[in-house]
Amino acid sequence: MPKIVDHDERRREVLSAAGRVIVRDGIDAATTRAIAKEAGYSNGVLAHYFADKDEILLSALRQSHQRIRHRLTGKVTGAGGPGGSALAALRELLLDNLPLDDERARETRLEVSFWSRSLASERLAEVQRAEAGELRAAVRDLLGRARTAGELRDGAAPDDPTAHGLDAATVTGTGPGTETDPAIDELDDLAEHLLALMDGLSLHLLLYPERLTRADAERVMLKALDRL
């Protein structure tokens with residue numbers, strides 16, 4: 001009898017192999033030959049499932065995003081469900097996106113490896129922007145829900161802008177020529193601040209492990225959330 005091939009499983013194996021090569025050796029080392037060797041298949045098998053190397057890399061990134069999204073959905077739903085809170089769900093969301101264990105460190109290495117390549121590839125950049133947009137929307141939504149539920153302090157902000165020489169009218173958007181809603185702007189700013197902190201801590205954990213430990217990164221993020 002002819003051997004039955006699970007094509008979906010074989011495709012997943014190739015993408016997992018591509019991810020391992022990228023994390024271990026860098027994205028420039030992720031050639032079709034290296035990926036095929038890592039997966040235990042011939043180059044011909046890869047050509048059967050993917051048009052070229054860029055499609056493999058793009059699919060590997062999407063597979064990683066799907067896996068992260070599935071894990072996050074369970075955590076956020078549990079924290080923000082009955083008896084939970086939007087702020088608790090936000091905490092789960094942001095902490096899960098930090099490389100605080102080996103699995104998430106590999107995911108972060110994979111993600112960061114694509115950053116510079118995305119600057120020269122619009123296809124990759126579109127995937128990165130879509131994922132970043134979803135994450136920002138989730139953070140912003142949870143902040144809005146937390147404010148509605150009275151979980152945020154009045155005037156919660158990542159920093160006091162007046163300490164940097166900005167006047168109150170500029171900060172609140174009430175100066176001449178401004179028509180923005182200060183409450184909306186404030187939550188937008190909070191979302192950007194938390195996402196920037198998340199990305200910065202993640203990158204520093206990868207680049208400066210002797211200076212910043214996982215416990216340090218978790219503590220810094222929790223302090224930022226405690227100030228909300």
# chains A, B, ... in the order shown; residues from 1 in each chain; ligands from 1
call {"tool": "residues_around", "arguments": {"residues": "Phe114 of chain A", "least_positions_apart": "5", "cutoff": "10 Å", "atoms": "only C-alpha atoms", "output": "list in words"}}
result
Ile22, Gly26, Ile27, Leu57, Leu58, Leu61, Arg109, Leu119, Ser121, Leu124, Ala125 and Gln128 of chain A
call {"tool": "residues_around", "arguments": {"residues": "Leu207 of chain A", "least_positions_apart": "6", "cutoff": "12 Å", "atoms": "only C-alpha atoms", "output": "PDB file with N, CA and C atoms, in the first residue's frame"}}
result
ATOM      1  N   PRO A  99       9.931  37.404  27.455  1.00  0.00           N
ATOM      2  CA  PRO A  99      10.633  36.116  27.396  1.00  0.00           C
ATOM      3  C   PRO A  99      11.071  35.636  28.782  1.00  0.00           C
ATOM      4  N   ALA A 105      11.333  32.772  25.314  1.00  0.00           N
ATOM      5  CA  ALA A 105      12.612  33.326  24.846  1.00  0.00           C
ATOM      6  C   ALA A 105      12.842  32.931  23.390  1.00  0.00           C
ATOM      7  N   THR A 108      10.550  35.028  21.254  1.00  0.00           N
ATOM      8  CA  THR A 108      11.027  36.403  21.138  1.00  0.00           C
ATOM      9  C   THR A 108      12.221  36.490  20.202  1.00  0.00           C
ATOM     10  N   ARG A 109      13.134  35.534  20.295  1.00  0.00           N
ATOM     11  CA  ARG A 109      14.285  35.506  19.389  1.00  0.00           C
ATOM     12  C   ARG A 109      13.815  35.404  17.932  1.00  0.00           C
ATOM     13  N   VAL A 112      12.204  38.866  16.954  1.00  0.00           N
ATOM     14  CA  VAL A 112      13.205  39.918  16.791  1.00  0.00           C
ATOM     15  C   VAL A 112      14.057  39.679  15.537  1.00  0.00           C
ATOM     16  N   GLY A 200      10.969  46.850  24.868  1.00  0.00           N
ATOM     17  CA  GLY A 200      12.288  47.204  25.394  1.00  0.00           C
ATOM     18  C   GLY A 200      12.820  46.175  26.363  1.00  0.00           C
ATOM     19  N   LEU A 201      11.984  45.726  27.273  1.00  0.00           N
ATOM     20  CA  LEU A 201      12.414  44.709  28.238  1.00  0.00           C
ATOM     21  C   LEU A 201      12.757  43.405  27.528  1.00  0.00           C
ATOM     22  N   THR A 213      17.821  40.365  34.483  1.00  0.00           N
ATOM     23  CA  THR A 213      17.361  38.988  34.593  1.00  0.00           C
ATOM     24  C   THR A 213      15.864  38.919  34.291  1.00  0.00           C
TER      25      THR A 213
END
call {"tool": "closest_residue", "arguments": {"among": "A:Lys53, A:Arg211, A:Arg129, A:Arg91", "to": "Gly78 of chain A", "atoms": "only C-alpha atoms"}}
result
A:Arg91
call {"tool": "closest_atom_pairs", "arguments": {"of": "segment 34-78 of chain A", "to": "segment 10-14 of chain A", "cutoff": "10 Å", "atoms": "only C-alpha atoms", "output": "tab-separated table"}}
result
residue	atom	partner	partner_atom	distance
A:Ile35	CA	A:Val14	CA	7.1
A:Ala36	CA	A:Val14	CA	7.3
A:Lys37	CA	A:Val14	CA	9.8
A:Glu38	CA	A:Val14	CA	8.3
A:Ala39	CA	A:Val14	CA	5.6
A:Gly40	CA	A:Val14	CA	8.8
A:Tyr41	CA	A:Val14	CA	8.4
A:Val45	CA	A:Arg10	CA	9.2
A:Leu46	CA	A:Val14	CA	7.5
A:His48	CA	A:Arg11	CA	9.8
A:Tyr49	CA	A:Arg11	CA	6.8
A:Phe50	CA	A:Arg11	CA	8.8
A:Ile56	CA	A:Val14	CA	8.1
A:Ser59	CA	A:Arg12	CA	9.4
A:Ala60	CA	A:Val14	CA	8.5
A:Gln63	CA	A:Arg12	CA	8.2
call {"tool": "closest_residue", "arguments": {"among": "A:Arg219, A:Arg33, A:His204, A:Arg104", "to": "His65 of chain A", "atoms": "only C-alpha atoms"}}
result
A:Arg104
call {"tool": "closest_residue", "arguments": {"among": "A:Ala149, A:Ser116, A:Leu87, A:Asp185", "to": "Leu225 of chain A", "atoms": "only C-alpha atoms"}}
result
A:Leu87
call {"tool": "closest_residue", "arguments": {"among": "A:Asp52, A:Glu9, A:Asp199, A:Glu218", "to": "Trp115 of chain A", "atoms": "only C-alpha atoms"}}
result
A:Asp199
call {"tool": "atom_distance", "arguments": {"atom1": "atom CA of Leu190 of chain A", "atom2": "atom CA of Glu151 of chain A"}}
result
14.2 Å
call {"tool": "atom_distance", "arguments": {"atom1": "atom CA of Val76 of chain A", "atom2": "atom CA of Arg227 of chain A"}}
result
20.3 Å
call {"tool": "select_by_dssp", "arguments": {"residues": "segment 5-214 of chain A", "states": "helix (DSSP H, G or I)", "output": "JSON, numbers by chain"}}
result
{"A": [7, 8, 9, 10, 11, 12, 13, 14, 15, 16, 17, 18, 19, 20, 21, 22, 23, 24, 25, 27, 28, 29, 32, 33, 34, 35, 36, 37, 38, 39, 43, 44, 45, 46, 47, 48, 49, 53, 54, 55, 56, 57, 58, 59, 60, 61, 62, 63, 64, 65, 66, 67, 68, 69, 70, 71, 72, 73, 74, 75, 76, 77, 78, 79, 80, 86, 87, 88, 89, 90, 91, 92, 93, 94, 95, 96, 102, 103, 104, 105, 106, 107, 108, 109, 110, 111, 112, 113, 114, 115, 116, 117, 118, 122, 123, 124, 125, 126, 127, 128, 129, 130, 131, 132, 133, 134, 135, 136, 137, 138, 139, 140, 141, 142, 143, 144, 145, 146, 147, 148, 161, 162, 163, 164, 168, 169, 170, 171, 172, 182, 183, 184, 185, 186, 187, 188, 189, 190, 191, 192, 193, 194, 195, 196, 197, 198, 199, 200, 201, 202, 203, 204, 205, 206, 207, 214]}
